[in-house]
>>> print(open('run_6.cif').read())   # mmCIF, C-alpha atoms
data_upload
#
loop_
_atom_site.label_atom_id
_atom_site.label_comp_id
_atom_site.auth_asym_id
_atom_site.auth_seq_id
_atom_site.Cartn_x
_atom_site.Cartn_y
_atom_site.Cartn_z
CA MET A 42 131.04 73.28 87.70
CA ALA A 43 134.67 73.73 88.78
CA ASP A 44 134.60 77.37 87.64
CA ILE A 45 131.42 77.99 89.61
CA MET A 46 132.87 76.46 92.78
CA ASP A 47 136.08 78.47 92.38
CA LEU A 48 133.99 81.63 92.10
CA LEU A 49 131.90 80.71 95.15
CA SER A 50 134.98 79.94 97.21
CA GLN A 51 136.34 83.44 96.53
CA ARG A 52 133.24 85.17 97.89
CA GLU A 53 131.79 85.73 101.33
CA HIS A 54 128.43 84.07 101.97
CA CYS A 55 125.52 84.97 104.19
CA LEU A 56 122.00 83.69 104.89
CA LEU A 57 119.20 85.70 106.47
CA PRO A 58 116.17 83.39 106.75
CA LEU A 59 112.89 83.98 108.59
CA CYS A 60 110.89 81.83 111.01
CA SER A 61 111.01 78.08 110.21
CA GLY A 62 113.54 78.80 107.47
CA THR A 63 116.06 79.50 110.22
CA ILE A 64 116.11 75.82 111.15
CA ARG A 65 117.17 74.83 107.65
CA ALA A 66 119.68 77.68 107.41
CA ILE A 67 121.39 76.67 110.66
CA MET A 68 121.61 73.07 109.44
CA CYS A 69 123.04 74.21 106.09
CA PHE A 70 125.71 76.33 107.74
CA ARG A 71 126.63 73.50 110.11
CA TYR A 72 126.93 71.10 107.17
CA PHE A 73 129.04 73.52 105.12
CA LEU A 74 131.36 74.03 108.09
CA SER A 75 131.78 70.28 108.48
CA GLN A 76 132.65 70.03 104.78
CA ASN A 77 135.21 72.82 105.16
CA GLU A 78 136.78 70.88 108.03
CA ALA A 79 136.88 67.70 105.92
CA ILE A 80 138.59 69.58 103.07
CA ASP A 81 141.20 70.93 105.51
CA ALA A 82 141.75 67.41 106.85
CA GLY A 83 142.18 66.03 103.35
CA THR A 84 139.39 63.47 103.70
CA ILE A 85 137.42 64.97 100.80
CA LEU A 86 138.26 67.12 97.81
CA GLY A 87 136.46 70.38 97.19
CA SER A 88 136.41 74.15 97.47
CA LYS A 89 135.75 75.71 100.87
CA LEU A 90 132.97 78.24 101.36
CA ASN A 91 133.69 81.42 103.33
CA LEU A 92 130.63 81.59 105.60
CA LYS A 93 130.49 85.13 106.94
CA VAL A 94 127.05 86.02 108.31
CA LEU A 95 123.99 84.15 109.58
CA GLY A 96 120.96 86.27 110.43
CA ILE A 97 118.07 84.63 112.28
CA GLY A 98 114.83 86.57 112.06
CA ASN A 99 112.07 85.49 114.47
CA GLY A 100 113.52 82.00 114.54
CA LEU A 101 111.57 79.10 116.01
CA THR A 102 112.91 78.01 119.39
CA ILE A 103 110.65 75.19 120.57
CA THR A 104 112.09 72.78 123.15
CA ASN A 105 109.77 69.75 123.09
CA CYS A 106 110.50 66.15 121.93
CA TYR A 107 114.27 66.54 122.45
CA ASN A 108 114.72 63.33 124.42
CA ASP A 109 112.86 60.83 122.23
CA GLY A 110 113.22 62.31 118.77
CA LEU A 111 110.86 59.88 117.05
CA ASN A 112 108.88 61.33 114.15
CA ALA A 113 105.56 60.31 115.69
CA VAL A 114 106.39 61.85 119.06
CA CYS A 115 107.62 65.12 117.58
CA SER A 116 104.73 65.36 115.15
CA GLU A 117 102.23 64.88 117.98
CA ALA A 118 104.05 67.54 120.00
CA GLN A 119 103.72 69.99 117.12
CA SER A 120 100.01 69.24 116.73
CA PHE A 121 99.41 69.60 120.47
CA CYS A 122 101.22 72.94 120.58
CA ASN A 123 99.22 74.34 117.66
CA LYS A 124 95.81 73.19 118.94
CA ASN A 125 96.18 73.75 122.67
CA ILE A 126 98.55 76.69 122.98
CA LEU A 127 98.95 78.71 119.80
CA ASP A 128 95.35 78.89 118.60
CA PRO A 129 93.59 79.40 121.97
CA LEU A 130 96.01 82.10 123.14
CA ALA A 131 95.97 83.98 119.83
CA GLY A 132 92.18 84.13 119.65
CA ASN A 133 91.08 86.50 116.90
CA TRP A 134 94.33 88.48 116.87
CA ASP A 135 96.94 88.34 114.13
CA VAL A 136 99.66 85.96 115.37
CA TYR A 137 102.22 87.82 113.24
CA TYR A 138 101.31 91.26 114.63
CA VAL A 139 99.27 90.99 117.81
CA PRO A 140 97.97 94.59 118.05
CA THR A 141 95.80 93.92 114.97
CA ALA A 142 92.70 91.73 114.74
CA ASN A 143 92.25 89.19 111.96
CA PRO A 144 92.19 89.53 109.05
CA ASP A 145 95.23 91.80 108.91
CA PRO A 146 95.91 93.11 105.37
CA TYR A 147 99.43 94.21 106.26
CA PRO A 148 102.07 93.53 105.06
CA PRO A 149 100.38 93.37 101.62
CA ASP A 150 100.62 90.31 99.39
CA PHE A 151 103.42 90.67 96.85
CA SER A 152 102.43 87.68 94.67
CA SER A 153 101.24 89.91 91.80
CA TYR A 154 104.52 91.80 91.72
CA LEU A 155 106.60 88.62 91.68
CA ALA A 156 104.45 87.22 88.88
CA SER A 157 105.07 90.37 86.86
CA VAL A 158 108.86 89.98 86.97
CA GLU A 159 109.15 86.22 86.46
CA THR A 160 110.57 86.56 82.95
CA GLN A 161 113.01 89.34 83.85
CA ILE A 162 114.55 87.42 86.76
CA GLY A 163 114.64 84.10 84.90
CA ALA A 164 112.30 82.27 87.26
CA GLU A 165 111.81 78.61 86.35
CA VAL A 166 108.61 78.22 88.38
CA SER A 167 105.85 80.57 89.50
CA TRP A 168 105.90 82.02 93.01
CA GLN A 169 103.67 80.29 95.52
CA GLN A 170 103.41 81.65 99.05
CA SER A 171 102.97 78.24 100.63
CA ASN A 172 102.79 74.60 99.63
CA MET A 173 100.73 72.33 101.86
CA ASP A 174 102.41 69.19 100.53
CA VAL A 175 105.77 70.51 101.71
CA TYR A 176 104.31 71.67 105.02
CA ASN A 177 102.63 68.31 105.68
CA ASN A 178 105.83 66.43 104.91
CA PHE A 179 107.70 68.52 107.47
CA ALA A 180 104.84 68.29 109.98
CA SER A 181 104.80 64.49 109.75
CA THR A 182 108.32 64.46 111.21
CA GLY A 183 107.62 67.12 113.85
CA ASP A 184 110.31 69.21 112.22
CA LEU A 185 109.44 72.43 114.11
CA MET A 186 109.77 70.72 117.49
CA ARG A 187 113.36 69.59 117.01
CA ASN A 188 116.34 71.21 118.70
CA SER A 189 118.63 73.13 116.35
CA ARG A 190 120.49 74.88 119.17
CA PRO A 191 123.57 72.59 119.10
CA ASN A 192 124.01 73.30 115.39
CA LEU A 193 123.66 77.03 116.04
CA GLU A 194 126.28 76.85 118.78
CA THR A 195 128.68 75.19 116.34
CA VAL A 196 128.14 77.96 113.79
CA ILE A 197 128.72 80.69 116.40
CA ASN A 198 131.87 78.98 117.72
CA ALA A 199 133.22 78.72 114.17
CA GLY A 200 133.47 82.51 114.00
CA VAL A 201 130.53 83.17 111.71
CA ARG A 202 128.95 86.53 112.57
CA VAL A 203 125.49 85.65 113.87
CA ILE A 204 122.62 87.97 114.67
CA ILE A 205 119.31 86.87 116.16
CA TYR A 206 116.53 89.42 116.07
CA ASP A 207 112.78 89.55 116.59
CA GLY A 208 109.87 91.96 116.69
CA ASP A 209 108.25 92.58 120.07
CA ALA A 210 104.74 92.55 118.52
CA ASP A 211 105.14 89.05 117.03
CA PHE A 212 103.24 86.30 118.84
CA ILE A 213 103.92 83.18 116.80
CA VAL A 214 107.68 83.48 117.45
CA ASN A 215 107.64 85.80 120.44
CA PHE A 216 110.68 87.46 121.96
CA ASN A 217 110.17 85.69 125.31
CA GLY A 218 110.87 82.32 123.77
CA VAL A 219 113.69 83.61 121.57
CA GLU A 220 115.46 85.27 124.48
CA ALA A 221 115.10 82.12 126.59
CA MET A 222 116.82 80.17 123.82
CA VAL A 223 119.55 82.81 123.46
CA ASP A 224 120.19 82.73 127.22
CA ALA A 225 120.56 78.93 127.02
CA LEU A 226 123.21 79.00 124.29
CA GLN A 227 126.55 77.49 125.28
CA THR A 228 129.22 79.12 123.13
CA LYS A 229 132.63 80.73 123.54
CA PHE A 230 130.77 84.03 124.02
CA THR A 231 128.31 82.80 126.66
CA SER A 232 130.15 84.27 129.65
CA LEU A 233 130.61 87.63 127.92
CA TYR A 234 126.97 87.72 126.80
CA LYS A 235 125.68 87.06 130.31
CA GLN A 236 127.75 89.99 131.61
CA GLN A 237 126.05 92.41 129.22
CA GLN A 238 122.96 94.44 130.03
CA PHE A 239 120.41 95.31 127.38
CA THR A 240 121.21 98.67 125.80
CA ASN A 241 118.96 100.92 123.75
CA TYR A 242 119.51 100.57 120.02
CA THR A 243 119.00 103.99 118.45
CA VAL A 244 118.69 105.14 114.85
CA ASN A 245 119.63 108.79 114.47
CA GLY A 246 118.90 109.22 118.17
CA GLN A 247 115.47 107.51 118.05
CA VAL A 248 115.18 104.39 120.22
CA ALA A 249 114.25 101.44 118.01
CA GLY A 250 114.91 98.45 120.24
CA ILE A 251 117.31 96.87 122.72
CA TYR A 252 120.37 94.76 122.02
CA LYS A 253 123.42 92.90 123.29
CA ASN A 254 126.76 92.14 121.60
CA ALA A 255 129.23 89.42 122.57
CA GLY A 256 132.11 88.79 120.19
CA THR A 257 130.69 88.07 116.74
CA PHE A 258 127.26 87.32 118.21
CA SER A 259 124.45 89.86 118.56
CA TYR A 260 120.83 89.80 119.65
CA MET A 261 118.23 92.54 119.09
CA ARG A 262 114.58 93.00 120.05
CA VAL A 263 113.01 95.45 117.60
CA PHE A 264 110.27 97.67 119.02
CA GLY A 265 106.91 97.89 117.28
CA SER A 266 107.68 95.16 114.74
CA GLY A 267 105.75 92.07 113.85
CA HIS A 268 106.95 88.82 112.32
CA GLU A 269 108.36 90.48 109.20
CA VAL A 270 110.53 92.97 111.06
CA PRO A 271 111.56 95.23 108.12
CA ALA A 272 107.89 95.86 107.22
CA TYR A 273 107.24 97.94 110.34
CA LYS A 274 108.20 101.29 111.86
CA PHE A 275 108.51 102.67 115.36
CA GLY A 276 108.22 106.23 116.61
CA ASN A 277 109.37 108.77 114.05
CA LEU A 278 111.41 106.30 112.03
CA ALA A 279 110.47 105.30 108.49
CA VAL A 280 109.24 101.81 107.68
CA GLY A 281 112.19 99.44 107.80
CA GLN A 282 114.70 102.10 108.86
CA ALA A 283 115.81 100.30 112.02
CA ALA A 284 116.07 96.98 110.18
CA ALA A 285 118.11 98.63 107.42
CA GLN A 286 120.63 100.02 109.90
CA MET A 287 120.90 96.66 111.65
CA PHE A 288 121.33 94.84 108.33
CA THR A 289 123.97 97.27 107.07
CA GLN A 290 126.09 96.98 110.22
CA ILE A 291 125.99 93.20 110.28
CA MET A 292 126.76 92.87 106.56
CA ARG A 293 129.80 95.09 107.14
CA ASN A 294 130.92 92.50 109.72
CA GLN A 295 130.30 94.96 112.54
CA SER A 296 128.62 94.52 115.89
CA LEU A 297 125.39 96.41 116.46
CA THR A 298 126.06 100.08 117.17
CA PRO A 299 123.51 102.81 118.06
CA THR A 300 123.59 105.98 115.96
#
>>> encode(input="run_6.cif", output="structure tokens")
Amino acid sequence: MADIMDLLSQREHCLLPLCSGTIRAIMCFRYFLSQNEAIDAGTILGSKLNLKVLGIGNGLTITNCYNDGLNAVCSEAQSFCNKNILDPLAGNWDVYYVPTANPDPYPPDFSSYLASVETQIGAEVSWQQSNMDVYNNFASTGDLMRNSRPNLETVINAGVRVIIYDGDADFIVNFNGVEAMVDALQTKFTSLYKQQQFTNYTVNGQVAGIYKNAGTFSYMRVFGSGHEVPAYKFGNLAVGQAAAQMFTQIMRNQSLTPT
């Protein structure tokens, strides 16, 4: 175990979750940062992790049940939101890509492919797209309603490069809500971010979205993309081309830059 931790401490680490996974990723990064601080202070023994990049793709940004925080209150808020807002507004349109009616066959299911490579990748369990037991356990606490913004602010202020991005054709985590959350962030880059104007993000001269940079923080709205941003294309670009450029720049510890 010591050898593994020594190896991990020598490497740079990143997480790029999607949707509700962003909540858990933010909490993980905040916890790891607190452990790094405790190691520096000498209150615990361990190897520090070099947390380099956090990418938040179509992250949930719901602002209900902040004041009370009781499981029952937050769970009821989640149920109310789903039944009275999400479902009625979506109608018969795909909540993950609103230009398309249900059922939407795209992006295609990759379960068969993952099953075919289980042995090669050393998987210990079979892939399952969703698990209702896990979902119901989270739903019973109103997990999706809780405020993860303070944890995100801590991660940004710690110097981790953070990018938040979304597709403008996604309804379930729409860019209006995401941008409202981003505008409400209180970090060391807040003043600089508010001074910026949205700028076209281009890929080989083709406009693919709009973006802002402020220090090690970036936000991008990707044109023509649904919930799974890399699965879509816009204009003359290839599928995933804009997402690939964005990903490459961030993983090189660079701010977003048009090409």
>>> residues_around(input="run_6.cif", residues="Phe179 of chain A", least_positions_apart="5", cutoff="12 Å", atoms="only C-alpha atoms", output="list of chain:residue names")
A:Ser61, A:Gly62, A:Ile64, A:Arg65, A:Asn112, A:Ala113, A:Cys115, A:Ser116, A:Gln119, A:Asn172, A:Met173, A:Asp174, A:Asp184, A:Leu185, A:Met186, A:Arg187
>>> closest_residue(input="run_6.cif", among="A:Ser50, A:Asn254, A:Thr231, A:Asn123", to="Lys93 of chain A", atoms="all atoms listed in the file")
A:Ser50
>>> resolve_selection(input="run_6.cif", expression="the PyMOL selection byres ((chain A and resi 138) around 12)", output="PDB file with C-alpha atoms, in the coordinates of the input")
ATOM      1  CA  ALA A 131      95.970  83.980 119.830  1.00  0.00           C
ATOM      2  CA  ASN A 133      91.080  86.500 116.900  1.00  0.00           C
ATOM      3  CA  TRP A 134      94.330  88.480 116.870  1.00  0.00           C
ATOM      4  CA  ASP A 135      96.940  88.340 114.130  1.00  0.00           C
ATOM      5  CA  VAL A 136      99.660  85.960 115.370  1.00  0.00           C
ATOM      6  CA  TYR A 137     102.220  87.820 113.240  1.00  0.00           C
ATOM      7  CA  VAL A 139      99.270  90.990 117.810  1.00  0.00           C
ATOM      8  CA  PRO A 140      97.970  94.590 118.050  1.00  0.00           C
ATOM      9  CA  THR A 141      95.800  93.920 114.970  1.00  0.00           C
ATOM     10  CA  ALA A 142      92.700  91.730 114.740  1.00  0.00           C
ATOM     11  CA  ASN A 143      92.250  89.190 111.960  1.00  0.00           C
ATOM     12  CA  PRO A 144      92.190  89.530 109.050  1.00  0.00           C
ATOM     13  CA  ASP A 145      95.230  91.800 108.910  1.00  0.00           C
ATOM     14  CA  PRO A 146      95.910  93.110 105.370  1.00  0.00           C
ATOM     15  CA  TYR A 147      99.430  94.210 106.260  1.00  0.00           C
ATOM     16  CA  PRO A 148     102.070  93.530 105.060  1.00  0.00           C
ATOM     17  CA  ASP A 207     112.780  89.550 116.590  1.00  0.00           C
ATOM     18  CA  GLY A 208     109.870  91.960 116.690  1.00  0.00           C
ATOM     19  CA  ASP A 209     108.250  92.580 120.070  1.00  0.00           C
ATOM     20  CA  ALA A 210     104.740  92.550 118.520  1.00  0.00           C
ATOM     21  CA  ASP A 211     105.140  89.050 117.030  1.00  0.00           C
ATOM     22  CA  PHE A 212     103.240  86.300 118.840  1.00  0.00           C
ATOM     23  CA  ILE A 213     103.920  83.180 116.800  1.00  0.00           C
ATOM     24  CA  VAL A 214     107.680  83.480 117.450  1.00  0.00           C
ATOM     25  CA  ASN A 215     107.640  85.800 120.440  1.00  0.00           C
ATOM     26  CA  PHE A 264     110.270  97.670 119.020  1.00  0.00           C
ATOM     27  CA  GLY A 265     106.910  97.890 117.280  1.00  0.00           C
ATOM     28  CA  SER A 266     107.680  95.160 114.740  1.00  0.00           C
ATOM     29  CA  GLY A 267     105.750  92.070 113.850  1.00  0.00           C
ATOM     30  CA  HIS A 268     106.950  88.820 112.320  1.00  0.00           C
ATOM     31  CA  GLU A 269     108.360  90.480 109.200  1.00  0.00           C
ATOM     32  CA  VAL A 270     110.530  92.970 111.060  1.00  0.00           C
ATOM     33  CA  ALA A 272     107.890  95.860 107.220  1.00  0.00           C
ATOM     34  CA  TYR A 273     107.240  97.940 110.340  1.00  0.00           C
TER      35      TYR A 273
END
>>> closest_residue(input="run_6.cif", among="A:Ser75, A:Gln295, A:Ser88, A:Ser171", to="Asp47 of chain A", atoms="all atoms listed in the file")
A:Ser88
>>> atom_distance(input="run_6.cif", atom1="atom CA of Gly96 of chain A", atom2="atom CA of Ala66 of chain A")
9.2 Å
>>> atom_distance(input="run_6.cif", atom1="atom CA of Val248 of chain A", atom2="atom CA of Val223 of chain A")
22.3 Å
>>> residues_around(input="run_6.cif", residues="Asn198 of chain A", least_positions_apart="4", cutoff="8 Å", atoms="all atoms listed in the file", output="ChimeraX atom specification")
/A:194,228-229
>>> atom_distance(input="run_6.cif", atom1="atom CA of Ser120 of chain A", atom2="atom CA of Asn177 of chain A")
11.4 Å
>>> closest_residue(input="run_6.cif", among="A:Ser181, A:Thr243, A:Asn192, A:Thr298", to="Leu111 of chain A", atoms="only C-alpha atoms")
A:Ser181
>>> resolve_selection(input="run_6.cif", expression="the PyMOL selection byres ((chain A and resi 240) around 7)", output="ChimeraX atom specification")
/A:238-239,241-242,251-253
>>> resolve_selection(input="run_6.cif", expression="the PyMOL selection byres ((chain A and resi 258) around 9)", output="PyMOL selection string")
chain A and resi 197+200-205+230+234+253-257+259-260+296
>>> write_last_selection(input="run_6.cif", atoms="C-alpha atoms", output="compact mmCIF listing (two decimals), in the frame of the given file")
# COMPACT_ATOMS: atom_id res chain seq x y z
CA ILE A 197 128.72 80.69 116.40
CA GLY A 200 133.47 82.51 114.00
CA VAL A 201 130.53 83.17 111.71
CA ARG A 202 128.95 86.53 112.57
CA VAL A 203 125.49 85.65 113.87
CA ILE A 204 122.62 87.97 114.67
CA ILE A 205 119.31 86.87 116.16
CA PHE A 230 130.77 84.03 124.02
CA TYR A 234 126.97 87.72 126.80
CA LYS A 253 123.42 92.90 123.29
CA ASN A 254 126.76 92.14 121.60
CA ALA A 255 129.23 89.42 122.57
CA GLY A 256 132.11 88.79 120.19
CA THR A 257 130.69 88.07 116.74
CA SER A 259 124.45 89.86 118.56
CA TYR A 260 120.83 89.80 119.65
CA SER A 296 128.62 94.52 115.89
>>> closest_residue(input="run_6.cif", among="A:Gln227, A:Val263, A:Cys106, A:Ile126", to="Gly276 of chain A", atoms="only C-alpha atoms")
A:Val263
>>> closest_residue(input="run_6.cif", among="A:Val175, A:Leu226, A:Val166, A:Met261", to="Arg190 of chain A", atoms="only C-alpha atoms")
A:Leu226
>>> residues_near_point(input="run_6.cif", point="(124.6, 74.0, 105.2)", cutoff="12 Å", atoms="all atoms listed in the file", output="list of chain:residue names")
A:His54, A:Cys55, A:Leu56, A:Thr63, A:Ile64, A:Arg65, A:Ala66, A:Ile67, A:Met68, A:Cys69, A:Phe70, A:Arg71, A:Tyr72, A:Phe73, A:Leu74, A:Ser75, A:Gln76, A:Asn77, A:Leu90, A:Asn91, A:Leu92, A:Leu95, A:Asn192, A:Leu193, A:Thr195, A:Val196
>>> write_last_selection(input="run_6.cif", atoms="C-alpha atoms", output="short mmCIF file (atom, residue, chain, number, x, y, z; two decimals), keeping the file's coordinate frame")
data_model
loop_
_atom_site.label_atom_id
_atom_site.label_comp_id
_atom_site.auth_asym_id
_atom_site.auth_seq_id
_atom_site.Cartn_x
_atom_site.Cartn_y
_atom_site.Cartn_z
CA HIS A 54 128.43 84.07 101.97
CA CYS A 55 125.52 84.97 104.19
CA LEU A 56 122.00 83.69 104.89
CA THR A 63 116.06 79.50 110.22
CA ILE A 64 116.11 75.82 111.15
CA ARG A 65 117.17 74.83 107.65
CA ALA A 66 119.68 77.68 107.41
CA ILE A 67 121.39 76.67 110.66
CA MET A 68 121.61 73.07 109.44
CA CYS A 69 123.04 74.21 106.09
CA PHE A 70 125.71 76.33 107.74
CA ARG A 71 126.63 73.50 110.11
CA TYR A 72 126.93 71.10 107.17
CA PHE A 73 129.04 73.52 105.12
CA LEU A 74 131.36 74.03 108.09
CA SER A 75 131.78 70.28 108.48
CA GLN A 76 132.65 70.03 104.78
CA ASN A 77 135.21 72.82 105.16
CA LEU A 90 132.97 78.24 101.36
CA ASN A 91 133.69 81.42 103.33
CA LEU A 92 130.63 81.59 105.60
CA LEU A 95 123.99 84.15 109.58
CA ASN A 192 124.01 73.30 115.39
CA LEU A 193 123.66 77.03 116.04
CA THR A 195 128.68 75.19 116.34
CA VAL A 196 128.14 77.96 113.79
#
>>> closest_residue(input="run_6.cif", among="A:Ala249, A:Glu220, A:Glu78, A:Thr300", to="Ala284 of chain A", atoms="all atoms listed in the file")
A:Ala249
